[in-house]
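Chemist: As input, take upload-v7.txt (compact mmCIF, C-alpha atoms):
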```txt
# COMPACT_ATOMS: atom_id res chain seq x y z
CA MET A 1 -19.13 -9.54 -24.74
CA ARG A 2 -16.47 -7.34 -26.34
CA ARG A 3 -15.38 -6.09 -22.91
CA SER A 4 -15.16 -9.67 -21.70
CA ILE A 5 -12.99 -10.75 -24.62
CA VAL A 6 -10.68 -7.74 -24.36
CA LEU A 7 -10.10 -8.17 -20.64
CA SER A 8 -9.56 -11.90 -20.98
CA LEU A 9 -6.81 -11.17 -23.51
CA ILE A 10 -5.22 -8.65 -21.15
CA VAL A 11 -5.16 -11.11 -18.26
CA ALA A 12 -3.95 -13.93 -20.47
CA GLY A 13 -1.13 -11.73 -21.66
CA MET A 14 -0.04 -11.07 -18.08
CA ALA A 15 -0.01 -14.74 -17.04
CA GLN A 16 3.38 -16.44 -17.05
CA ALA A 17 2.49 -20.00 -16.17
CA THR A 18 0.74 -20.93 -19.41
CA PRO A 19 -0.05 -19.23 -22.70
CA ALA A 20 -3.76 -19.49 -21.87
CA ALA A 21 -5.61 -17.55 -19.20
CA ALA A 22 -4.85 -18.54 -15.62
CA ALA A 23 -6.78 -21.38 -14.03
CA GLY A 24 -9.94 -20.59 -12.12
CA VAL A 25 -9.71 -20.48 -8.35
CA LYS A 26 -12.39 -20.23 -5.65
CA VAL A 27 -11.57 -17.26 -3.46
CA ALA A 28 -13.14 -15.79 -0.34
CA VAL A 29 -13.22 -12.00 -0.41
CA VAL A 30 -13.13 -10.86 3.20
CA ALA A 31 -14.25 -7.24 3.27
CA PRO A 32 -16.65 -4.91 5.10
CA VAL A 33 -20.09 -4.64 3.48
CA GLU A 34 -21.57 -2.15 5.93
CA GLY A 35 -20.40 0.48 8.38
CA PRO A 36 -17.67 3.12 7.96
CA PHE A 37 -15.42 0.88 5.84
CA ALA A 38 -18.12 -0.34 3.46
CA LEU A 39 -16.82 1.83 0.61
CA LEU A 40 -13.37 0.26 0.90
CA GLY A 41 -14.96 -3.17 1.06
CA LYS A 42 -16.88 -2.48 -2.14
CA GLN A 43 -13.62 -1.54 -3.85
CA ILE A 44 -12.11 -4.89 -2.90
CA ILE A 45 -15.19 -6.82 -4.00
CA ASP A 46 -15.40 -4.94 -7.31
CA GLY A 47 -11.76 -5.50 -8.11
CA ALA A 48 -11.72 -9.17 -7.19
CA SER A 49 -14.95 -10.07 -8.94
CA PHE A 50 -14.42 -8.07 -12.13
CA GLN A 51 -14.35 -10.56 -14.96
CA ALA A 52 -13.59 -13.42 -12.52
CA GLY A 53 -16.21 -15.57 -14.23
CA ASP A 54 -14.48 -15.25 -17.61
CA ARG A 55 -11.38 -16.84 -16.11
CA GLY A 56 -13.30 -19.62 -14.41
CA SER A 57 -12.80 -18.14 -10.95
CA GLU A 58 -15.44 -17.92 -8.25
CA ILE A 59 -15.83 -15.23 -5.61
CA VAL A 60 -17.42 -15.79 -2.20
CA VAL A 61 -17.98 -12.54 -0.30
CA ILE A 62 -17.57 -12.91 3.45
CA PRO A 63 -18.39 -9.77 5.50
CA GLU A 64 -15.61 -8.41 7.68
CA THR A 65 -16.73 -6.59 10.81
CA CYS A 66 -13.28 -5.61 12.15
CA ASP A 67 -14.71 -6.53 15.54
CA ALA A 68 -13.25 -9.19 17.84
CA ALA A 69 -16.80 -10.20 18.77
CA GLY A 70 -17.41 -11.43 15.22
CA ALA A 71 -14.17 -13.36 14.91
CA GLU A 72 -15.69 -16.78 15.51
CA ASP A 73 -18.42 -16.24 12.92
CA LEU A 74 -15.86 -15.01 10.39
CA THR A 75 -13.69 -18.10 10.90
CA LYS A 76 -16.67 -20.45 10.56
CA ALA A 77 -17.81 -18.70 7.38
CA LEU A 78 -14.36 -18.97 5.83
CA LEU A 79 -14.02 -22.67 6.55
CA ALA A 80 -17.58 -23.41 5.41
CA ALA A 81 -17.13 -21.61 2.08
CA GLY A 82 -14.93 -24.35 0.63
CA VAL A 83 -12.49 -21.83 -0.82
CA GLU A 84 -8.91 -22.35 -1.96
CA ALA A 85 -7.67 -18.95 -0.80
CA ALA A 86 -8.84 -15.70 0.79
CA ILE A 87 -8.04 -12.07 0.04
CA GLY A 88 -9.00 -8.70 1.50
CA PHE A 89 -8.64 -8.37 5.27
CA LEU A 90 -8.67 -4.65 6.03
CA CYS A 91 -8.23 -5.27 9.76
CA THR A 92 -5.48 -6.91 11.78
CA GLU A 93 -8.12 -8.33 14.15
CA SER A 94 -9.65 -10.38 11.33
CA LEU A 95 -6.34 -11.95 10.44
CA GLU A 96 -5.33 -12.73 14.02
CA ALA A 97 -8.68 -14.45 14.55
CA THR A 98 -8.76 -16.54 11.37
CA LEU A 99 -5.13 -17.39 10.56
CA PRO A 100 -4.81 -20.34 12.97
CA ALA A 101 -7.82 -22.05 11.34
CA LEU A 102 -6.65 -21.15 7.83
CA ALA A 103 -3.25 -22.62 8.63
CA GLU A 104 -4.82 -25.86 9.76
CA ALA A 105 -6.85 -26.01 6.54
CA ASN A 106 -3.81 -24.98 4.44
CA ILE A 107 -5.73 -22.04 2.94
CA PRO A 108 -3.51 -19.06 2.05
CA ALA A 109 -4.68 -15.55 2.89
CA MET A 110 -3.57 -12.33 1.23
CA THR A 111 -4.04 -8.94 2.90
CA LEU A 112 -4.31 -5.83 0.77
CA SER A 113 -3.92 -3.29 3.56
CA VAL A 114 -2.55 -4.54 6.91
CA ARG A 115 1.02 -3.29 7.40
CA SER A 116 1.73 -4.48 10.93
CA ASP A 117 5.30 -5.77 11.21
CA ILE A 118 4.46 -7.48 14.51
CA LEU A 119 1.76 -9.54 12.76
CA MET A 120 4.25 -10.75 10.14
CA GLU A 121 6.65 -11.79 12.90
CA ASP A 122 3.86 -13.98 14.27
CA VAL A 123 3.25 -15.35 10.77
CA LEU A 124 6.81 -16.65 10.62
CA LYS A 125 6.86 -17.96 14.18
CA LYS A 126 3.56 -19.81 13.86
CA ASN A 127 3.85 -20.79 10.19
CA TRP A 128 0.64 -19.03 9.22
CA PRO A 129 -0.21 -18.92 5.48
CA LEU A 130 -0.48 -15.13 5.23
CA PHE A 131 0.98 -13.22 2.29
CA ARG A 132 1.10 -9.45 2.29
CA LEU A 133 0.36 -7.60 -0.93
CA ALA A 134 0.44 -4.34 1.03
CA PRO A 135 3.97 -3.06 1.63
CA SER A 136 5.45 -3.23 5.11
CA GLY A 137 6.23 -0.33 7.38
CA LYS A 138 9.92 -1.24 7.06
CA ALA A 139 9.68 -0.88 3.28
CA GLU A 140 8.31 2.65 3.65
CA SER A 141 11.07 3.66 6.05
CA ALA A 142 13.75 2.10 3.84
CA SER A 143 12.50 3.97 0.78
CA ILE A 144 12.52 7.28 2.65
CA VAL A 145 16.07 6.73 3.88
CA ALA A 146 17.21 5.76 0.39
CA ALA A 147 15.67 8.92 -1.11
CA ILE A 148 17.17 11.23 1.53
CA THR A 149 20.57 9.58 1.16
CA ALA A 150 20.52 9.86 -2.63
CA LEU A 151 19.13 13.38 -2.93
CA TRP A 152 19.77 15.27 0.30
CA LYS A 153 23.09 13.93 1.56
CA ASP A 154 24.70 17.38 1.40
CA LYS A 155 21.60 19.33 2.48
CA PRO A 156 20.65 20.69 5.92
CA ILE A 157 17.88 18.27 6.85
CA ALA A 158 15.04 18.51 9.35
CA LEU A 159 12.90 15.66 10.64
CA ILE A 160 9.48 16.48 12.09
CA ASP A 161 6.57 14.38 13.35
CA ASP A 162 3.04 15.11 14.49
CA GLY A 163 3.25 13.26 17.80
CA THR A 164 1.08 10.31 16.77
CA ILE A 165 2.45 6.80 17.22
CA HIS A 166 2.78 6.07 13.49
CA SER A 167 4.41 9.41 12.71
CA ARG A 168 6.76 9.29 15.68
CA GLU A 169 7.89 5.72 14.96
CA LEU A 170 8.38 6.40 11.24
CA VAL A 171 10.47 9.53 11.84
CA GLU A 172 12.50 7.82 14.56
CA SER A 173 13.30 4.86 12.30
CA VAL A 174 14.44 7.29 9.60
CA ARG A 175 16.55 9.24 12.11
CA VAL A 176 18.27 6.12 13.40
CA ALA A 177 18.98 4.79 9.90
CA LEU A 178 20.41 8.14 8.79
CA GLY A 179 22.55 8.27 11.91
CA GLU A 180 24.06 4.90 11.06
CA ILE A 181 25.41 6.35 7.81
CA GLY A 182 26.60 9.57 9.39
CA LEU A 183 23.74 11.93 8.48
CA THR A 184 22.54 14.08 11.37
CA PRO A 185 19.56 16.44 10.99
CA VAL A 186 20.05 20.09 11.91
CA PHE A 187 16.55 20.16 13.41
CA THR A 188 14.11 17.67 14.91
CA ASP A 189 10.76 18.51 16.43
CA ALA A 190 7.22 17.35 17.07
CA TYR A 191 4.42 19.72 16.14
CA ARG A 192 0.76 19.86 17.11
CA PRO A 193 -1.37 18.34 14.34
CA ALA A 194 -4.65 19.60 12.88
CA GLN A 195 -3.84 23.29 13.34
CA GLU A 196 -5.13 26.02 11.05
CA GLN A 197 -1.62 27.39 10.67
CA GLN A 198 1.98 26.26 11.30
CA VAL A 199 3.80 29.59 10.99
CA SER A 200 5.79 29.14 14.21
CA LEU A 201 7.01 25.73 13.04
CA VAL A 202 8.05 27.18 9.68
CA ARG A 203 9.95 29.96 11.44
CA ARG A 204 11.76 27.48 13.70
CA LEU A 205 12.71 25.43 10.66
CA THR A 206 14.03 28.53 8.90
CA LYS A 207 15.98 29.65 11.97
CA SER A 208 17.63 26.21 12.22
CA GLY A 209 18.98 26.57 8.69
CA ALA A 210 17.08 23.54 7.40
CA THR A 211 16.11 23.65 3.74
CA HIS A 212 14.95 20.05 3.24
CA VAL A 213 12.31 18.64 5.57
CA PHE A 214 10.98 15.14 6.04
CA THR A 215 7.62 15.16 7.77
CA GLY A 216 5.88 12.11 9.17
CA GLY A 217 2.59 14.01 9.32
CA ASP A 218 -0.55 13.56 7.29
CA ARG A 219 -1.60 15.33 4.10
CA GLN A 220 -3.58 18.13 5.76
CA ASP A 221 -0.76 19.16 8.11
CA THR A 222 1.81 18.93 5.32
CA ALA A 223 -0.38 21.10 3.09
CA VAL A 224 -0.63 23.71 5.84
CA ILE A 225 3.15 23.68 6.38
CA ALA A 226 3.77 24.04 2.64
CA ARG A 227 1.30 26.94 2.39
CA ASP A 228 2.75 28.76 5.38
CA ALA A 229 6.30 28.24 4.10
CA GLN A 230 5.36 29.89 0.81
CA GLU A 231 3.67 32.80 2.58
CA GLU A 232 6.71 33.27 4.85
CA GLY A 233 9.08 33.15 1.89
CA ALA A 234 10.82 30.10 3.38
CA ASN A 235 12.68 27.99 0.85
CA LEU A 236 11.68 24.55 2.17
CA THR A 237 11.55 21.31 0.20
CA LEU A 238 9.03 19.01 1.84
CA LEU A 239 9.05 15.20 1.68
CA GLY A 240 6.44 12.96 3.28
CA GLY A 241 5.47 9.32 3.48
CA ASP A 242 2.54 7.34 2.13
CA THR A 243 0.03 9.27 4.27
CA LEU A 244 0.33 12.14 1.79
CA ASN A 245 -1.43 10.01 -0.82
CA ALA A 246 -4.88 11.08 0.34
CA ALA A 247 -7.56 13.60 -0.49
CA ASP A 248 -7.25 17.31 0.26
CA VAL A 249 -9.21 18.41 3.32
CA SER A 250 -9.35 22.20 3.66
CA VAL A 251 -5.94 23.21 2.27
CA PRO A 252 -4.81 21.88 -1.12
CA LEU A 253 -1.38 20.32 -1.31
CA ALA A 254 1.08 22.60 -3.06
CA ASP A 255 2.79 21.58 -6.28
CA GLY A 256 6.32 20.33 -5.68
CA VAL A 257 5.70 18.47 -2.41
CA LEU A 258 7.42 15.09 -2.53
CA ALA A 259 6.22 11.76 -1.17
CA LEU A 260 7.41 8.19 -0.99
CA THR A 261 4.18 6.49 -1.97
CA LEU A 262 2.66 3.89 -4.26
CA PRO A 263 2.26 4.83 -7.93
CA ASP A 264 -1.24 4.87 -9.38
CA ALA A 265 -1.57 1.46 -11.03
CA ALA A 266 -4.28 2.83 -13.33
CA GLN A 267 -1.61 4.94 -15.04
CA SER A 268 0.87 2.11 -15.60
CA ALA A 269 1.32 0.19 -18.84
CA GLU A 270 -0.05 -2.95 -17.18
CA GLY A 271 -2.92 -1.29 -15.39
CA LYS A 272 -4.22 1.26 -17.88
CA PRO A 273 -6.06 -1.20 -20.20
CA VAL A 274 -7.74 -2.88 -17.22
CA ALA A 275 -8.64 0.49 -15.70
CA GLU A 276 -10.24 1.58 -18.98
CA ALA A 277 -12.24 -1.66 -19.18
CA MET A 278 -13.42 -1.15 -15.61
CA ARG A 279 -14.55 2.41 -16.32
CA ALA A 280 -16.44 1.18 -19.36
CA ALA A 281 -18.27 -1.19 -17.02
CA GLY A 282 -19.08 1.59 -14.55
CA ILE A 283 -16.37 0.77 -12.00
CA GLU A 284 -13.90 3.48 -11.02
CA PRO A 285 -10.46 1.83 -10.51
CA GLU A 286 -9.60 3.66 -7.30
CA GLY A 287 -8.43 2.64 -3.85
CA TYR A 288 -8.35 -1.14 -3.47
CA VAL A 289 -9.97 -1.98 -6.81
CA LEU A 290 -6.79 -2.67 -8.80
CA PRO A 291 -4.90 -4.24 -5.85
CA ALA A 292 -7.80 -6.69 -5.41
CA PHE A 293 -7.77 -7.41 -9.14
CA GLY A 294 -4.00 -7.96 -8.89
CA ALA A 295 -4.44 -10.33 -5.95
CA MET A 296 -6.80 -12.45 -8.03
CA SER A 297 -4.24 -12.53 -10.85
CA VAL A 298 -1.57 -13.72 -8.44
CA LEU A 299 -3.79 -16.52 -7.11
CA GLU A 300 -4.84 -17.68 -10.58
CA GLN A 301 -1.24 -17.87 -11.78
CA ALA A 302 -0.14 -19.52 -8.54
CA LYS A 303 -2.82 -22.18 -8.99
CA ASP A 304 -1.41 -22.93 -12.45
CA GLN A 305 2.01 -23.30 -10.84
CA ALA A 306 0.62 -25.49 -8.06
CA GLU A 307 -1.03 -27.85 -10.53
CA LYS A 308 2.12 -27.98 -12.65
CA ASP A 309 4.32 -28.82 -9.64
CA GLU A 310 1.65 -30.90 -7.88
CA LYS A 311 2.23 -28.78 -4.78
CA PRO A 312 -0.11 -26.89 -2.42
CA LEU A 313 -1.16 -23.38 -3.38
CA VAL A 314 0.71 -21.99 -0.36
CA GLU A 315 4.01 -23.26 -1.76
CA ALA A 316 3.23 -22.08 -5.28
CA LEU A 317 2.78 -18.52 -4.05
CA LEU A 318 6.51 -18.46 -3.29
CA LYS A 319 7.33 -19.31 -6.91
CA GLY A 320 6.77 -15.84 -8.43
CA PRO A 321 7.12 -13.35 -9.89
CA PHE A 322 3.54 -13.17 -11.14
CA GLN A 323 2.61 -10.58 -13.74
CA THR A 324 -0.19 -8.27 -12.56
CA VAL A 325 -1.70 -4.83 -13.03
CA LEU A 326 0.56 -3.77 -10.14
CA GLY A 327 3.64 -4.97 -12.00
CA PRO A 328 5.56 -8.18 -11.23
CA ILE A 329 4.69 -9.54 -7.77
CA ALA A 330 6.89 -11.99 -5.88
CA PHE A 331 6.98 -12.92 -2.21
CA ASP A 332 10.12 -13.53 -0.17
CA ALA A 333 10.61 -16.21 2.47
CA GLY A 334 8.89 -13.97 5.00
CA HIS A 335 5.76 -13.79 2.80
CA GLU A 336 6.41 -10.09 2.17
CA ARG A 337 6.65 -8.48 -1.25
CA ALA A 338 10.14 -9.13 -2.57
CA ASP A 339 10.27 -5.67 -4.17
CA ASN A 340 9.88 -2.32 -2.47
CA PRO A 341 6.88 -0.75 -4.27
CA PHE A 342 7.32 2.76 -2.88
CA ARG A 343 8.43 5.34 -5.42
CA LEU A 344 9.51 8.94 -5.13
CA MET A 345 6.58 11.00 -6.40
CA GLN A 346 5.89 14.72 -6.72
CA TRP A 347 2.53 16.47 -6.41
CA GLN A 348 1.87 18.26 -9.66
CA SER A 349 -1.37 19.65 -11.10
CA GLY A 350 -3.67 17.62 -8.90
CA ARG A 351 -1.90 14.26 -8.75
CA PHE A 352 1.30 12.52 -7.77
CA VAL A 353 3.63 11.91 -10.70
CA PRO A 354 6.94 10.01 -10.72
CA VAL A 355 10.10 12.02 -10.19
CA ALA A 356 11.77 11.11 -13.47
CA ASP A 357 15.10 12.71 -12.67
CA ALA A 358 16.59 12.65 -9.19
CA ALA A 359 17.97 16.16 -9.73
CA GLY A 360 14.42 17.42 -10.10
CA ALA A 361 13.73 16.63 -6.45
CA GLN A 362 16.20 19.25 -5.26
```
Could you quickly redo this structure as structure tokens?
Modeler:
Amino acid sequence: MRRSIVLSLIVAGMAQATPAAAAGVKVAVVAPVEGPFALLGKQIIDGASFQAGDRGSEIVVIPETCDAAGAEDLTKALLAAGVEAAIGFLCTESLEATLPALAEANIPAMTLSVRSDILMEDVLKKNWPLFRLAPSGKAESASIVAAITALWKDKPIALIDDGTIHSRELVESVRVALGEIGLTPVFTDAYRPAQEQQVSLVRRLTKSGATHVFTGGDRQDTAVIARDAQEEGANLTLLGGDTLNAADVSVPLADGVLALTLPDAAQSAEGKPVAEAMRAAGIEPEGYVLPAFGAMSVLEQAKDQAEKDEKPLVEALLKGPFQTVLGPIAFDAGHERADNPFRLMQWQSGRFVPVADAAGAQ
């Protein structure tokens, strides 16, 4: 009971629409319940359902298979659930299959993970009611360019990718954007990923004169590059994208590696009390747990706004910002997050911490 009261006060304090807790809303949680993504699905379900009853909300779990063959069943289940909104959606296939029917029923959907820019173009063209709590790929690229421009404008820069589609496209978008403002890297290259060592790459970087390197590779490859640079005595400052925010594989990430990634909501002023309440209830606030909790907060506050304005929930979602454990959330006309949530972080003593002073990134 005490936990229930404490968390209700936290959520009530975050709500803007009324001084009382946000209105209850019936929400479908579309998430995998079995298979390789079941753990991620459980995180979404835990976050969305935590204390939902205290706020008068109702959760309907609808399994997501991420398989085109199950698209028709998923759509039928969503429409039959009698929900006012839907959150989750780990897979693009699920959204593409269900959005036409959700649009016809005027039921807004909110994805926590899908970052496809092509999908959002379709959303605008077809007037689909999809809102993206996950940041876009363009937001990641823009944050990287902004950081390089602010911190490394007078540094010899290298841009490297691992040859995968995501890495290659991210690095190319950064290269083009830097070129438009007159910044040309002294070295560009693609390396072979998943190697036990990257000494030859480190030596090529050193020979080029580069001292500051943006890598579009994953955490394991970046950790190997950082280790080999230290062993070679190469003075390289490494910066990566959101893929660095992952678990160590075989080589630990070295202190000092930089990343443009999402801050840990459990460490924020808004998120810490909720995270502590979750831990007390036996739920670890990791992965999608707090984003799912935040999505519920957005929907509850948007429902208050919809009732106040006597407008559909879809329209009310454009009336933010809404106060959440993720900070203030607002959506622009393209149904994307109005803010860019990526922050410059540095790996230090086992976790990413904010770079408080830009000079410290040099």
Chemist: How many Å lie between atom CA of Ala77 of chain A and atom CA of Ile62 of chain A, rounded to one decimal?
Modeler: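 Calculated distance between atom CA of Ala77 of chain A and atom CA of Ile62 of chain A is 7.0 Å.
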Chemist: Using only C-alpha atoms, which of the listed residues (A:Gly350, A:Gly70, A:Pro312, A:Gly47) sits closest to Asp255 of chain A?
Modeler: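 Ranking A:Gly350, A:Gly70, A:Pro312, A:Gly47 by distance to Asp255 of chain A, first place goes to A:Gly350.
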Chemist: Select all residues near (8.3, -17.1, 0.7) (cut-off 7 Å, inclusive, file coordinates), counting all atoms listed in the file, and output them as a PyMOL selection string.
Modeler: chain A and resi 318+331-335
Chemist: Could you list, as a CSV table (one decimal) with C-alpha atoms, in the coordinates of the input, every residue within 12 Å of Glu286 of chain A, counting all atoms listed in the file and ignoring same-chain residues fewer than 5 positions away?
Modeler:
```
chain,number,residue,atom,x,y,z
A,39,LEU,CA,-16.8,1.8,0.6
A,40,LEU,CA,-13.4,0.3,0.9
A,42,LYS,CA,-16.9,-2.5,-2.1
A,43,GLN,CA,-13.6,-1.5,-3.8
A,44,ILE,CA,-12.1,-4.9,-2.9
A,46,ASP,CA,-15.4,-4.9,-7.3
A,47,GLY,CA,-11.8,-5.5,-8.1
A,246,ALA,CA,-4.9,11.1,0.3
A,263,PRO,CA,2.3,4.8,-7.9
A,264,ASP,CA,-1.2,4.9,-9.4
A,265,ALA,CA,-1.6,1.5,-11.0
A,266,ALA,CA,-4.3,2.8,-13.3
A,267,GLN,CA,-1.6,4.9,-15.0
A,271,GLY,CA,-2.9,-1.3,-15.4
A,275,ALA,CA,-8.6,0.5,-15.7
A,276,GLU,CA,-10.2,1.6,-19.0
A,278,MET,CA,-13.4,-1.2,-15.6
A,279,ARG,CA,-14.6,2.4,-16.3
A,291,PRO,CA,-4.9,-4.2,-5.8
A,292,ALA,CA,-7.8,-6.7,-5.4
A,293,PHE,CA,-7.8,-7.4,-9.1
```
Chemist: Between A:Leu326, A:Val123, A:Leu290, A:Ala234, which is the closest to Phe50 of chain A once you count all atoms listed in the file?
Modeler: A:Leu290
Chemist: Using only C-alpha atoms, find the one residue out of A:Gln51, A:Ile118, A:Glu180, A:Glu34 that sits nearest to Ala277 of chain A.
Modeler: A:Gln51
Chemist: Excluding Gln220 of chain A and its own-chain neighbours fewer than 6 positions away, which residues fall within 10 Å of it when counting only C-alpha atoms? Please give them as a PyMOL selection string.
Modeler: chain A and resi 193-196+226+243-244+246-253
Chemist: Rank A:Val274, A:Ala147, A:Leu258, A:Val171 by their smallest atom-to-atom distance to Arg351 of chain A, using only C-alpha atoms, and report the top residue only.
Modeler: A:Leu258
Chemist: Would you mind reading off the distance between atom CA of Leu317 of chain A and atom CA of Ala142 of chain A, one decimal, in Å?
Modeler: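 Between atom CA of Leu317 of chain A and atom CA of Ala142 of chain A the gap is 24.7 Å.
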Chemist: For a quick check of understanding, using all atoms listed in the file, which of A:Val202, A:Met110, A:Val145, A:Cys91 has the smallest distance to Asn235 of chain A?
Modeler: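 Comparing A:Val202, A:Met110, A:Val145, A:Cys91 against Asn235 of chain A, the winner is A:Val202.
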Chemist: What does the distance from atom CA of Lys303 of chain A to atom CA of Val25 of chain A come to in Å, to one decimal?
Modeler: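 Spanning atom CA of Lys303 of chain A to atom CA of Val25 of chain A is a straight-line distance of 7.1 Å.
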Chemist: Under the rule that all atoms listed in the file are counted, which of A:Ser141, A:Ser349, A:Gln197, A:Thr211 is the nearest residue to Leu260 of chain A?
Modeler: A:Ser141
Chemist: Need to verify the contact set: Pro63 of chain A, 10 Å, all atoms listed in the file, exclusion of same-chain residues closer than 2 positions in sequence. Can you return it as a list of chain:residue names?
Modeler: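 Near Pro63 of chain A, the qualifying residues are A:Ala28, A:Val29, A:Val30, A:Ala31, A:Pro32, A:Val33, A:Glu34, A:Ala38, A:Gly41, A:Val60, A:Val61, A:Thr65, A:Cys66, A:Gly70, A:Asp73, A:Leu74, A:Ala77, A:Phe89.
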Chemist: Which centre and edge lengths in Å to one decimal define the box along x, y and z that fits every listed atom of segment 198-204 of chain A plus 8 Å per side, as AutoDock Vina command-line options?
Modeler:
```
--center_x 6.9 --center_y 27.8 --center_z 11.9 --size_x 25.8 --size_y 20.2 --size_z 20.5
```
Chemist: I'd like the contact shell of Leu159 of chain A - 10 Å cut-off, only C-alpha atoms, skipping same-chain residues fewer than 2 positions apart - returned as a list in words.
Modeler: Ile157, Asp161, Val171, Glu172, Val174, Arg175, Thr184, Pro185, Val186, Phe187, Thr188, Asp189, Ala190, Leu205, Ala210, His212, Val213, Phe214, Thr215, Gly216 and Leu239 of chain A
Chemist: Any idea what's packed within 7 Å of Phe322 of chain A, counting all atoms listed in the file, ignoring anything in its chain fewer than 3 positions away? Could you give it as number ranges by chain?
Modeler: A: 16, 298, 301, 328-330
Chemist: Selected residues, C-alpha atoms, written as a short mmCIF file (atom, residue, chain, number, x, y, z; two decimals), keeping the file's coordinate frame, please.
Modeler:
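Once everything was written out, this is result_25.cif:
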```cif
data_model
loop_
_atom_site.label_atom_id
_atom_site.label_comp_id
_atom_site.auth_asym_id
_atom_site.auth_seq_id
_atom_site.Cartn_x
_atom_site.Cartn_y
_atom_site.Cartn_z
CA GLN A 16 3.38 -16.44 -17.05
CA VAL A 298 -1.57 -13.72 -8.44
CA GLN A 301 -1.24 -17.87 -11.78
CA PRO A 328 5.56 -8.18 -11.23
CA ILE A 329 4.69 -9.54 -7.77
CA ALA A 330 6.89 -11.99 -5.88
#
```
